[in-house]
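Shown next, in structure tokens, is the structure this report addresses.
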Amino acid sequence: MSGPQTPTAVAEDPPRRRRVTVRGVVQGVGFRPYLYGLATELALAGHVTNTPEGVVAEVEGSASAVARFCELIAAQAPPLARVESVHHRELPPLGGTAFTIRTSRTGGPARTLVSPDSATCADCLAELASPADRRYRHPFVNCTHCGPRFTIVTGVPYDRANTTMAGFAMCPDCAREYEDPADRRFHAQPVACPACGPRLRLVLAQEARIAKAEGADPATTDPVLEARTLLKRGAILAVKGLGGYHLACDASNQDAVALLRRRKARGDKPFAVMARTADDVRHLVRLSPAERSLLESRARPVVLLRRRARPSYAPGDLRPAEAVAPGSPDLGVMLPYTPVHHLLLGLPGDPDGPGLLVMTSGNLSGEPIVTDDNEALERLAHLADAWLTHDRPIHVPCDDSVVRVCDGEPLLVRRSRGYAPLPLSLPLPVRPALAVGGDLKNTFCLGAGRQAWLSAHIGDMDDVGTQRAFEGAVAQLESITGVRPEALVADRHPGYRSTGWADRNAAQRPVVRVQHHHAHIAAAMAEHGLDGTRPVIGVAFDGTGLGDDGAVWGGEFLIADYDRFTRFGHLAYVPLPGGDAAVRRPYRMALSHLRVAGIDWSGDLACTATCPPDELDVLERQLERGLNCVPTSSMGRLFDAVSSLAGVCHRAGYEAQAAVELEGAALRAPADDSTAYAFALHASQGSRGDGVVRADPAPVLAAIVSDLRRGVEPALVAARFHRGVTGLVHRMCLRARERHGLDTVALTGGVFANTLLSSACAATLREDGFTVLRHHLVPPNDGGLALGQLMVAARGTPTPHPTD
């Protein structure tokens, strides 16, 4: 692209004045100084300001220079900017000679977007590590290209007064940088330095305070160096981050990790670890270019990486403790994204400290992440030995995002910090609405016009604190987007807390209920830009979702568009004995499946041997009488059953543990085996040959039992089962194409977070000419549910919205 024309080249052009409104992520990202520089280079007069509707500039000069200004606005935008639209209109020339940056204008509806929090940039890191720089070792170094954004915003336009930095008066040096359009920190709202910024401090638990040597001067003590010393000694620290507190410990210290696991009531759920660089973990995991790119991106998510079966350690290599991720085929890794993280891991010349840290959400399992300082001291008192905290408030809770790579493409498991609140573009306009999502992995979605905003990860709605966090997050996202919902959308399950919240807060607005798996499929359609004029074959595999017949669905083949769905097929029903008890104890699902398949509960089967005799007797009577045994077609529960039957996992300490470990076992199977278990397909008698197809797993279970009795290893059983499910998906989609003439398949639901299954299904379907839709922008699990709810319920003629 050619550079801007010089004033000489455009001097003879007739003068023009144009008002330009730029919408998108254009505040707090250096957009005004960028426009200032562009206008100055093109010899244009006028001004630029932040407003609730976006960045507004008026430019005056030669017609060609004004046109060039408008052409370059999006093309050369700052790194954190995201230009959604550029609108301009002609104005009469005023004859100005200078270009200025004006004070932000308030009032009017919010129409701009807020940037996600962004990892510390290279320039700021250089300052952090330079003894000659005034921000040397400053824990809050940031600029217009990095640092906190979404988590500190209290209102729009995005100015310091509308952030949690409002209480920190800038020193003269910072004020000079802040006001200089040529400076990297021009209008960087969190700008600060050691003289005027937030203060870091280390608070010790009572026991540690008593043991601490007296006489230490807090003014000369470096809280980070003290924290690193504590971590090296095996302590557990609560560390205040961008969107909440982490609990941290030395990931190489088995005793410290095991203690954190016990205190947090974590069960066997894997911890994520933080390393200085991607190269520090190369000996532990398989690292593709796509995975490295995600690790090093500005979003800095936790990336789930396949572990090497037998790591080869060289002297000095990091060795995570066995307790970090027991039984998991993956290791969750993230790189430091705040100055505090870099300081904790150590700068060049620092004393030795842990090079690999466990970094997990600061909460008890099932509770929301802690953000308030006083609450952290109280709620984390029995979890932490010390608190590395500071006095910059967190306005919006925001957990770490979790991503994995499947076939070279990102697959979001949890969309939160670094991604929220960036909007998603919709294929069809929607009226202003709030979709409240589900009860597990809750996120909600605001939509209006052709944009939708998914919230950051909220969590599981069983906890009262999570419900309060949900309510606060709704109010905050409404305030910064300007969306005023005219309708609410919820799951059809009457017992969901999210659905109950929608009913209580409707305030005369309609509450539309959407079937769970229909919403999953609609979410996949929406993120791929489908307008719904042609249905898709939706394969929705998850753990639970209320079906239209009152059963628990979860192994579904639906023919769906946004308006409606029909159930083409499903996994055969089996009893779910004891509801959640069967989820926590996969051996119960194995025994239920065996009974339906007509296979005896013989003592040589691992699931039978695991079940206590008294429970076995009760379970048998329960299944005979159908007591507390709702029927389920859940594929997630079938994965649980096979995991226990194969002897892989009998008790689940966290959601999907049995399925995760079954996938891990399948990855260890010999590559030369190609056997696949086969489901039986039975079609009910429809009046026109259009009956629902039922996939019966009885032959699969019988084959597994036969293999186990012949001494086949669990890894081979797991691999053959995965191939069997892949074959089922292929056969069912072939039938659906034959009957309905459709060739687009959406793979969705939490089961498809299993990359082994997802990759195999997609490859097999594509070989047969299908177009396959998989999730990349929102999670396949219930974290993406709200987007589908919105699309099903909120379409039609929308009320005009500023983002249209």
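In the structure tokens, chains take letters A, B, ... by order of appearance, with residues numbered from 1 within each chain and ligands from 1 in the order shown.
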| Those in segment 507-633 of chain A with strand (DSSP E or B) from DSSP, as an NGL selection string | :A and (511-514 or 536-541 or 546 or 552 or 555-560 or 565-571 or 574-577 or 629-632)
| request: Assign secondary structure with DSSP using the backbone only, and return the residues of segment 455-661 of chain A in alpha helix (DSSP H) as a PyMOL selection string. | output: chain A and resi 464-481+497-504+516-527+580-584+586-597+606-610+613-625+635-645+657-661
| said: Taking only C-alpha atoms into account, name the residue in A:Leu364, A:Val574, A:Ala122, A:Val156 that is nearest to Pro631 of chain A. | reply: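 Distance minimum relative to Pro631 of chain A lands on A:Val574.
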| field | Test item: residues at most 9 Å from Ala524 of chain A, only C-alpha atoms, excluding those fewer than 5 positions along its chain, as a PyMOL selection string | value | chain A and resi 519+529-530+746-748+773-776+778+780+784+787-788
| Tyr313 of chain A: which residues within 9 Å, counting only C-alpha atoms, same-chain residues fewer than 6 positions away excluded, as a ChimeraX atom specification? | /A:283-284,319
Give me the residues of segment 224-305 of chain A that have any atom at most 12 Å from an atom of segment 112-119 of chain A; for each, the nearest atom pair and the distance in Å, rounded to one decimal. Use only C-alpha atoms, sort by chain and number, and format it as a tab-separated table.
residue	atom	partner	partner_atom	distance
A:Gly241	CA	A:Asp117	CA	11.1
A:Leu242	CA	A:Asp117	CA	7.6
A:Gly243	CA	A:Asp117	CA	8.9
A:Leu295	CA	A:Ala119	CA	10.9
A:Glu296	CA	A:Ala119	CA	9.1
A:Ser297	CA	A:Ala119	CA	8.0
A:Arg298	CA	A:Ala119	CA	5.0
A:Ala299	CA	A:Ser118	CA	5.8
A:Arg300	CA	A:Ala119	CA	6.5
A:Pro301	CA	A:Ala119	CA	9.9
| task | Would you mind listing what lies within 10 Å of Gly28 of chain A as a PyMOL selection string, with only C-alpha atoms counted and same-chain residues fewer than 4 positions away left out? | result | chain A and resi 32+50+80-81+114-115+143-146+148-149+157-160+185-190
| query | Pick the closest to Ala736 of chain A from A:Pro586, A:Gly569, A:Trp601, A:Asp399: which is it, counting only C-alpha atoms? | reply |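 Smallest separation from Ala736 of chain A among the options: A:Gly569.
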At a cut-off of 12 Å, using only C-alpha atoms, what residues contact Val511 of chain A? Leave out same-chain residues fewer than 5 positions from it and give the result as a PDB file with C-alpha atoms, in the first residue's frame.
ATOM      1  CA  ALA A 433     -32.072  -9.931  23.995  1.00  0.00           C
ATOM      2  CA  LEU A 434     -30.267 -11.630  26.849  1.00  0.00           C
ATOM      3  CA  ALA A 435     -29.691 -15.397  26.608  1.00  0.00           C
ATOM      4  CA  VAL A 436     -28.797 -16.748  30.043  1.00  0.00           C
ATOM      5  CA  PRO A 485     -32.770  -6.581  26.330  1.00  0.00           C
ATOM      6  CA  GLU A 486     -36.363  -6.702  25.177  1.00  0.00           C
ATOM      7  CA  ALA A 487     -36.554 -10.468  25.739  1.00  0.00           C
ATOM      8  CA  LEU A 488     -34.813 -13.122  27.797  1.00  0.00           C
ATOM      9  CA  VAL A 489     -33.899 -16.593  26.568  1.00  0.00           C
ATOM     10  CA  ALA A 490     -33.324 -19.660  28.732  1.00  0.00           C
ATOM     11  CA  ASP A 491     -33.021 -23.437  28.669  1.00  0.00           C
ATOM     12  CA  ARG A 492     -36.206 -25.474  28.874  1.00  0.00           C
ATOM     13  CA  SER A 498     -30.236 -19.688  35.077  1.00  0.00           C
ATOM     14  CA  THR A 499     -33.798 -20.299  33.882  1.00  0.00           C
ATOM     15  CA  GLY A 500     -35.140 -19.349  37.318  1.00  0.00           C
ATOM     16  CA  TRP A 501     -33.107 -16.130  37.221  1.00  0.00           C
ATOM     17  CA  ALA A 502     -34.617 -15.262  33.836  1.00  0.00           C
ATOM     18  CA  ASP A 503     -38.132 -15.825  35.158  1.00  0.00           C
ATOM     19  CA  ARG A 504     -37.508 -13.668  38.236  1.00  0.00           C
ATOM     20  CA  ASN A 505     -35.907 -10.833  36.282  1.00  0.00           C
ATOM     21  CA  ALA A 506     -38.173 -10.773  33.238  1.00  0.00           C
ATOM     22  CA  GLN A 789     -30.213 -19.737  22.479  1.00  0.00           C
ATOM     23  CA  LEU A 790     -29.989 -16.189  21.198  1.00  0.00           C
ATOM     24  CA  ALA A 793     -35.189 -17.135  20.058  1.00  0.00           C
ATOM     25  CA  ALA A 794     -34.276 -13.562  19.136  1.00  0.00           C
TER      26      ALA A 794
END
Using only C-alpha atoms, which residues of segment 392-496 of chain A come within 12 Å of segment 53-70 of chain A, and what is the closest atom pair for each, with the distance in Å to one decimal? Give it as a tab-separated table, sorted by chain and residue number.
residue	atom	partner	partner_atom	distance
A:Ile480	CA	A:Glu53	CA	10.5
A:Thr481	CA	A:Glu53	CA	9.8
A:Gly482	CA	A:Glu53	CA	9.4
Got time to write the residues from that selection, N, CA and C atoms, as an mmCIF file, in the first residue's frame?
data_model
loop_
_atom_site.group_PDB
_atom_site.id
_atom_site.type_symbol
_atom_site.label_atom_id
_atom_site.label_comp_id
_atom_site.auth_asym_id
_atom_site.auth_seq_id
_atom_site.Cartn_x
_atom_site.Cartn_y
_atom_site.Cartn_z
ATOM 1 N N ILE A 480 -21.705 -1.521 29.191
ATOM 2 C CA ILE A 480 -20.653 -1.157 28.239
ATOM 3 C C ILE A 480 -21.049 -1.435 26.792
ATOM 4 N N THR A 481 -22.097 -2.245 26.579
ATOM 5 C CA THR A 481 -22.553 -2.494 25.207
ATOM 6 C C THR A 481 -23.727 -1.607 24.818
ATOM 7 N N GLY A 482 -24.450 -1.092 25.806
ATOM 8 C CA GLY A 482 -25.637 -0.301 25.517
ATOM 9 C C GLY A 482 -26.834 -1.130 25.098
#
Surrounding residues of segment 371-375 of chain A excluding itself and chain neighbours under 2 positions, 8 Å, only C-alpha atoms, as a compact mmCIF listing (two decimals) with N, CA, C and O atoms, in the first residue's frame:
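Output file result_17.txt is given in full below:
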# COMPACT_ATOMS: atom_id res chain seq x y z
N LYS A 240 -3.03 -11.95 43.37
CA LYS A 240 -4.05 -11.15 42.69
C LYS A 240 -3.63 -10.88 41.25
O LYS A 240 -2.56 -10.32 41.00
N GLY A 243 -8.13 -10.63 36.56
CA GLY A 243 -9.55 -10.86 36.74
C GLY A 243 -9.92 -11.60 38.00
O GLY A 243 -11.06 -12.04 38.14
N GLY A 244 -8.98 -11.72 38.92
CA GLY A 244 -9.25 -12.43 40.17
C GLY A 244 -7.96 -12.97 40.75
O GLY A 244 -6.87 -12.75 40.23
N TYR A 245 -8.11 -13.69 41.85
CA TYR A 245 -6.96 -14.28 42.52
C TYR A 245 -6.65 -15.66 41.95
O TYR A 245 -7.56 -16.44 41.63
N ILE A 369 -14.47 -17.30 41.22
CA ILE A 369 -13.15 -16.78 41.50
C ILE A 369 -13.27 -15.55 42.40
O ILE A 369 -14.20 -14.75 42.27
N LEU A 377 -8.95 -12.42 51.75
CA LEU A 377 -8.35 -12.73 53.04
C LEU A 377 -9.22 -13.67 53.86
O LEU A 377 -8.73 -14.50 54.63
N GLU A 378 -10.53 -13.56 53.66
CA GLU A 378 -11.46 -14.40 54.43
C GLU A 378 -11.68 -15.76 53.76
O GLU A 378 -11.48 -16.81 54.37
N ARG A 379 -12.06 -15.75 52.48
CA ARG A 379 -12.45 -16.99 51.81
C ARG A 379 -11.26 -17.88 51.47
O ARG A 379 -11.41 -19.10 51.33
N LEU A 380 -10.09 -17.27 51.33
CA LEU A 380 -8.92 -18.07 50.98
C LEU A 380 -8.02 -18.34 52.19
O LEU A 380 -6.91 -18.86 52.04
N THR A 389 -0.87 -9.26 47.00
CA THR A 389 -2.06 -8.50 46.59
C THR A 389 -1.66 -7.05 46.27
O THR A 389 -0.51 -6.66 46.41
N PRO A 393 -8.45 -2.07 42.27
CA PRO A 393 -9.63 -2.94 42.31
C PRO A 393 -9.87 -3.66 40.99
O PRO A 393 -9.53 -3.16 39.92
N ILE A 394 -10.46 -4.85 41.10
CA ILE A 394 -10.94 -5.61 39.94
C ILE A 394 -12.44 -5.38 39.85
O ILE A 394 -13.17 -5.68 40.79
N PRO A 397 -14.94 -9.96 37.35
CA PRO A 397 -14.24 -11.25 37.47
C PRO A 397 -13.99 -11.83 36.08
O PRO A 397 -14.83 -11.73 35.18
| Using only C-alpha atoms, which of A:Asp385, A:Glu179, A:Asp400, A:Glu478 sits nearest Cys445 of chain A? | A:Glu478
